[in-house]
Amino acid sequence: MVKFTGLNELNNYLADASYIVGFLPTQADVAIFKAVGAAPEAATYPHAARWFSHIASFAAEEQAAFAAGSAEYVAAAPKAAAAEEEDDDLFGDDDEEAEKRAAELAAQRKAAVAAKPKPVAKSSILLDIKGWSDETDMKELEGLVRGLNIAGLTWGCLQAPPRRLRRQEAPDHGHRSR
């Protein structure tokens, strides 16, 4: 059973529904329409204002011809708009307990984020250094490169491939020499 104790609840309900009951206007819509009395302010209650305008577009004879609505909705008509305006808190200051819970939750989340260790930013650089000739002393070249001192730079390991001292021969393209 849905009860509307004010325009705010009616507006929230009508955010997802076109009518009070079902997909066509019923006597439940007419009863709540009469209980509301005047068009709700569209800026504050956009869904209720849309619904009210739509029901108001029907003539009294058409409204009387609407199908019977559920009695539970008819009996739960909201208060008149004028009476509710006095109770409205436009800035939501009445719910101090909810604000306190939200502040505690925000503080807990901040503490959890602060306690989480920050990842260390790293970059990996691969230097491919080759000597000018077969006679270049690679150990000396490595010492010169590792001698570079740059802030934040840490030298890793050396991966020197084995030297190949084989002579390359010209490729044989299937020709046989006689």
# chains A, B, ... in the order shown; residues from 1 in each chain; ligands from 1
>>> residues_around(residues="Ala17 (chain A)", least_positions_apart="5", cutoff="12 Å", atoms="only C-alpha atoms", output="short mmCIF file (atom, residue, chain, number, x, y, z; two decimals) with all heavy atoms, in the first residue's frame")
data_model
loop_
_atom_site.label_atom_id
_atom_site.label_comp_id
_atom_site.auth_asym_id
_atom_site.auth_seq_id
_atom_site.Cartn_x
_atom_site.Cartn_y
_atom_site.Cartn_z
N LEU A 10 4.61 12.33 -3.17
CA LEU A 10 3.88 12.18 -4.43
C LEU A 10 4.81 12.46 -5.61
O LEU A 10 4.82 11.72 -6.60
CB LEU A 10 2.68 13.14 -4.46
CG LEU A 10 1.86 13.14 -5.76
CD1 LEU A 10 1.20 11.78 -5.96
CD2 LEU A 10 0.82 14.25 -5.73
N ASN A 11 5.61 13.51 -5.50
CA ASN A 11 6.55 13.86 -6.57
C ASN A 11 7.56 12.74 -6.80
O ASN A 11 7.85 12.36 -7.94
CB ASN A 11 7.27 15.16 -6.23
CG ASN A 11 8.13 15.65 -7.36
OD1 ASN A 11 7.65 15.94 -8.45
ND2 ASN A 11 9.43 15.71 -7.13
N ASN A 12 8.10 12.17 -5.71
CA ASN A 12 9.06 11.07 -5.83
C ASN A 12 8.43 9.85 -6.48
O ASN A 12 9.05 9.16 -7.28
CB ASN A 12 9.65 10.71 -4.47
CG ASN A 12 10.54 11.80 -3.93
OD1 ASN A 12 11.03 12.65 -4.68
ND2 ASN A 12 10.75 11.81 -2.63
N GLY A 22 -1.42 1.93 -12.25
CA GLY A 22 -1.39 1.40 -13.62
C GLY A 22 -0.88 2.38 -14.65
O GLY A 22 -0.13 3.31 -14.37
N PHE A 23 -1.39 2.15 -15.90
CA PHE A 23 -0.90 2.91 -17.04
C PHE A 23 -1.96 3.82 -17.65
O PHE A 23 -1.75 4.40 -18.70
CB PHE A 23 -0.37 1.95 -18.12
CG PHE A 23 0.76 1.10 -17.62
CD1 PHE A 23 0.56 -0.22 -17.26
CD2 PHE A 23 2.03 1.64 -17.48
CE1 PHE A 23 1.61 -0.99 -16.79
CE2 PHE A 23 3.08 0.87 -17.00
CZ PHE A 23 2.87 -0.44 -16.66
N LEU A 24 -3.11 3.90 -17.00
CA LEU A 24 -4.18 4.78 -17.43
C LEU A 24 -4.70 5.55 -16.23
O LEU A 24 -4.60 5.08 -15.10
CB LEU A 24 -5.33 3.95 -18.03
CG LEU A 24 -5.00 3.18 -19.32
CD1 LEU A 24 -6.14 2.24 -19.67
CD2 LEU A 24 -4.73 4.12 -20.46
N PRO A 25 -5.28 6.74 -16.44
CA PRO A 25 -5.81 7.48 -15.30
C PRO A 25 -7.00 6.73 -14.68
O PRO A 25 -7.80 6.13 -15.39
CB PRO A 25 -6.23 8.82 -15.89
CG PRO A 25 -6.33 8.60 -17.35
CD PRO A 25 -5.43 7.47 -17.69
N ASP A 29 -6.34 8.69 -9.28
CA ASP A 29 -5.74 9.94 -9.76
C ASP A 29 -6.67 11.12 -9.47
O ASP A 29 -6.23 12.18 -9.04
CB ASP A 29 -5.45 9.85 -11.26
CG ASP A 29 -4.34 8.88 -11.57
OD1 ASP A 29 -3.17 9.24 -11.34
OD2 ASP A 29 -4.64 7.77 -12.04
N HIS A 47 7.57 16.46 -11.19
CA HIS A 47 6.79 15.29 -11.60
C HIS A 47 5.33 15.43 -11.17
O HIS A 47 4.41 15.10 -11.92
CB HIS A 47 7.40 14.02 -11.01
CG HIS A 47 8.86 13.89 -11.35
ND1 HIS A 47 9.31 13.71 -12.64
CD2 HIS A 47 9.96 13.93 -10.56
CE1 HIS A 47 10.63 13.64 -12.63
NE2 HIS A 47 11.04 13.79 -11.39
N ALA A 48 5.12 15.94 -9.96
CA ALA A 48 3.75 16.16 -9.48
C ALA A 48 3.07 17.25 -10.32
O ALA A 48 1.88 17.14 -10.64
CB ALA A 48 3.75 16.54 -8.01
N ARG A 50 3.70 17.95 -13.48
CA ARG A 50 3.39 17.34 -14.79
C ARG A 50 2.13 16.50 -14.68
O ARG A 50 1.22 16.60 -15.50
CB ARG A 50 4.57 16.47 -15.26
CG ARG A 50 4.25 15.60 -16.46
CD ARG A 50 5.28 14.51 -16.69
NE ARG A 50 5.68 13.75 -15.52
CZ ARG A 50 5.01 12.73 -15.00
NH1 ARG A 50 3.85 12.36 -15.50
NH2 ARG A 50 5.48 12.09 -13.95
N TRP A 51 2.06 15.67 -13.65
CA TRP A 51 0.90 14.80 -13.44
C TRP A 51 -0.37 15.63 -13.23
O TRP A 51 -1.41 15.36 -13.81
CB TRP A 51 1.17 13.88 -12.25
CG TRP A 51 -0.02 13.13 -11.78
CD1 TRP A 51 -0.52 11.97 -12.28
CD2 TRP A 51 -0.88 13.50 -10.71
NE1 TRP A 51 -1.62 11.59 -11.59
CE2 TRP A 51 -1.88 12.52 -10.61
CE3 TRP A 51 -0.91 14.57 -9.82
CZ2 TRP A 51 -2.89 12.58 -9.67
CZ3 TRP A 51 -1.91 14.62 -8.88
CH2 TRP A 51 -2.89 13.63 -8.81
#
>>> closest_residue(among="A:Gly143, A:Ile20, A:Ala98, A:Asn8", to="Thr44 (chain A)", atoms="only C-alpha atoms")
A:Asn8
>>> residues_around(residues="Gln63 (chain A)", least_positions_apart="5", cutoff="8 Å", atoms="only C-alpha atoms", output="list of chain:residue names")
A:Thr26, A:Gln27, A:Val30, A:Phe58
>>> select_by_dssp(residues="region 98-171 of chain A", states="helix (DSSP H, G or I)", output="list of chain:residue names")
A:Ala98, A:Glu99, A:Lys100, A:Arg101, A:Ala102, A:Ala103, A:Glu104, A:Leu105, A:Ala106, A:Ala107, A:Gln108, A:Arg109, A:Lys110, A:Ala111, A:Ala112, A:Val113, A:Ala114, A:Ala115, A:Met138, A:Lys139, A:Glu140, A:Leu141, A:Glu142, A:Gly143, A:Leu144, A:Val145, A:Arg146
>>> residues_around(residues="Asp128 (chain A)", least_positions_apart="4", cutoff="12 Å", atoms="only C-alpha atoms", output="VMD selection string")
chain A and resid 142 145 158 to 161
>>> write_last_selection(atoms="N, CA and C atoms", output="short mmCIF file (atom, residue, chain, number, x, y, z; two decimals), in the first residue's frame")
data_model
loop_
_atom_site.label_atom_id
_atom_site.label_comp_id
_atom_site.auth_asym_id
_atom_site.auth_seq_id
_atom_site.Cartn_x
_atom_site.Cartn_y
_atom_site.Cartn_z
N GLU A 142 81.09 0.09 -20.02
CA GLU A 142 80.09 -0.06 -18.97
C GLU A 142 80.43 0.83 -17.78
N VAL A 145 79.43 4.40 -18.57
CA VAL A 145 77.97 4.62 -18.56
C VAL A 145 77.46 4.63 -17.13
N LEU A 158 73.50 -5.73 -15.78
CA LEU A 158 74.01 -5.72 -17.16
C LEU A 158 73.66 -7.06 -17.78
N GLN A 159 73.14 -6.99 -18.97
CA GLN A 159 72.84 -8.21 -19.71
C GLN A 159 73.62 -8.15 -21.02
N ALA A 160 74.85 -8.58 -20.95
CA ALA A 160 75.71 -8.53 -22.13
C ALA A 160 75.63 -9.87 -22.87
N PRO A 161 75.21 -9.83 -24.12
CA PRO A 161 75.18 -11.08 -24.89
C PRO A 161 76.61 -11.52 -25.19
#
>>> atom_distance(atom1="CA of Glu62 (chain A)", atom2="CA of Ala31 (chain A)")
13.8 Å
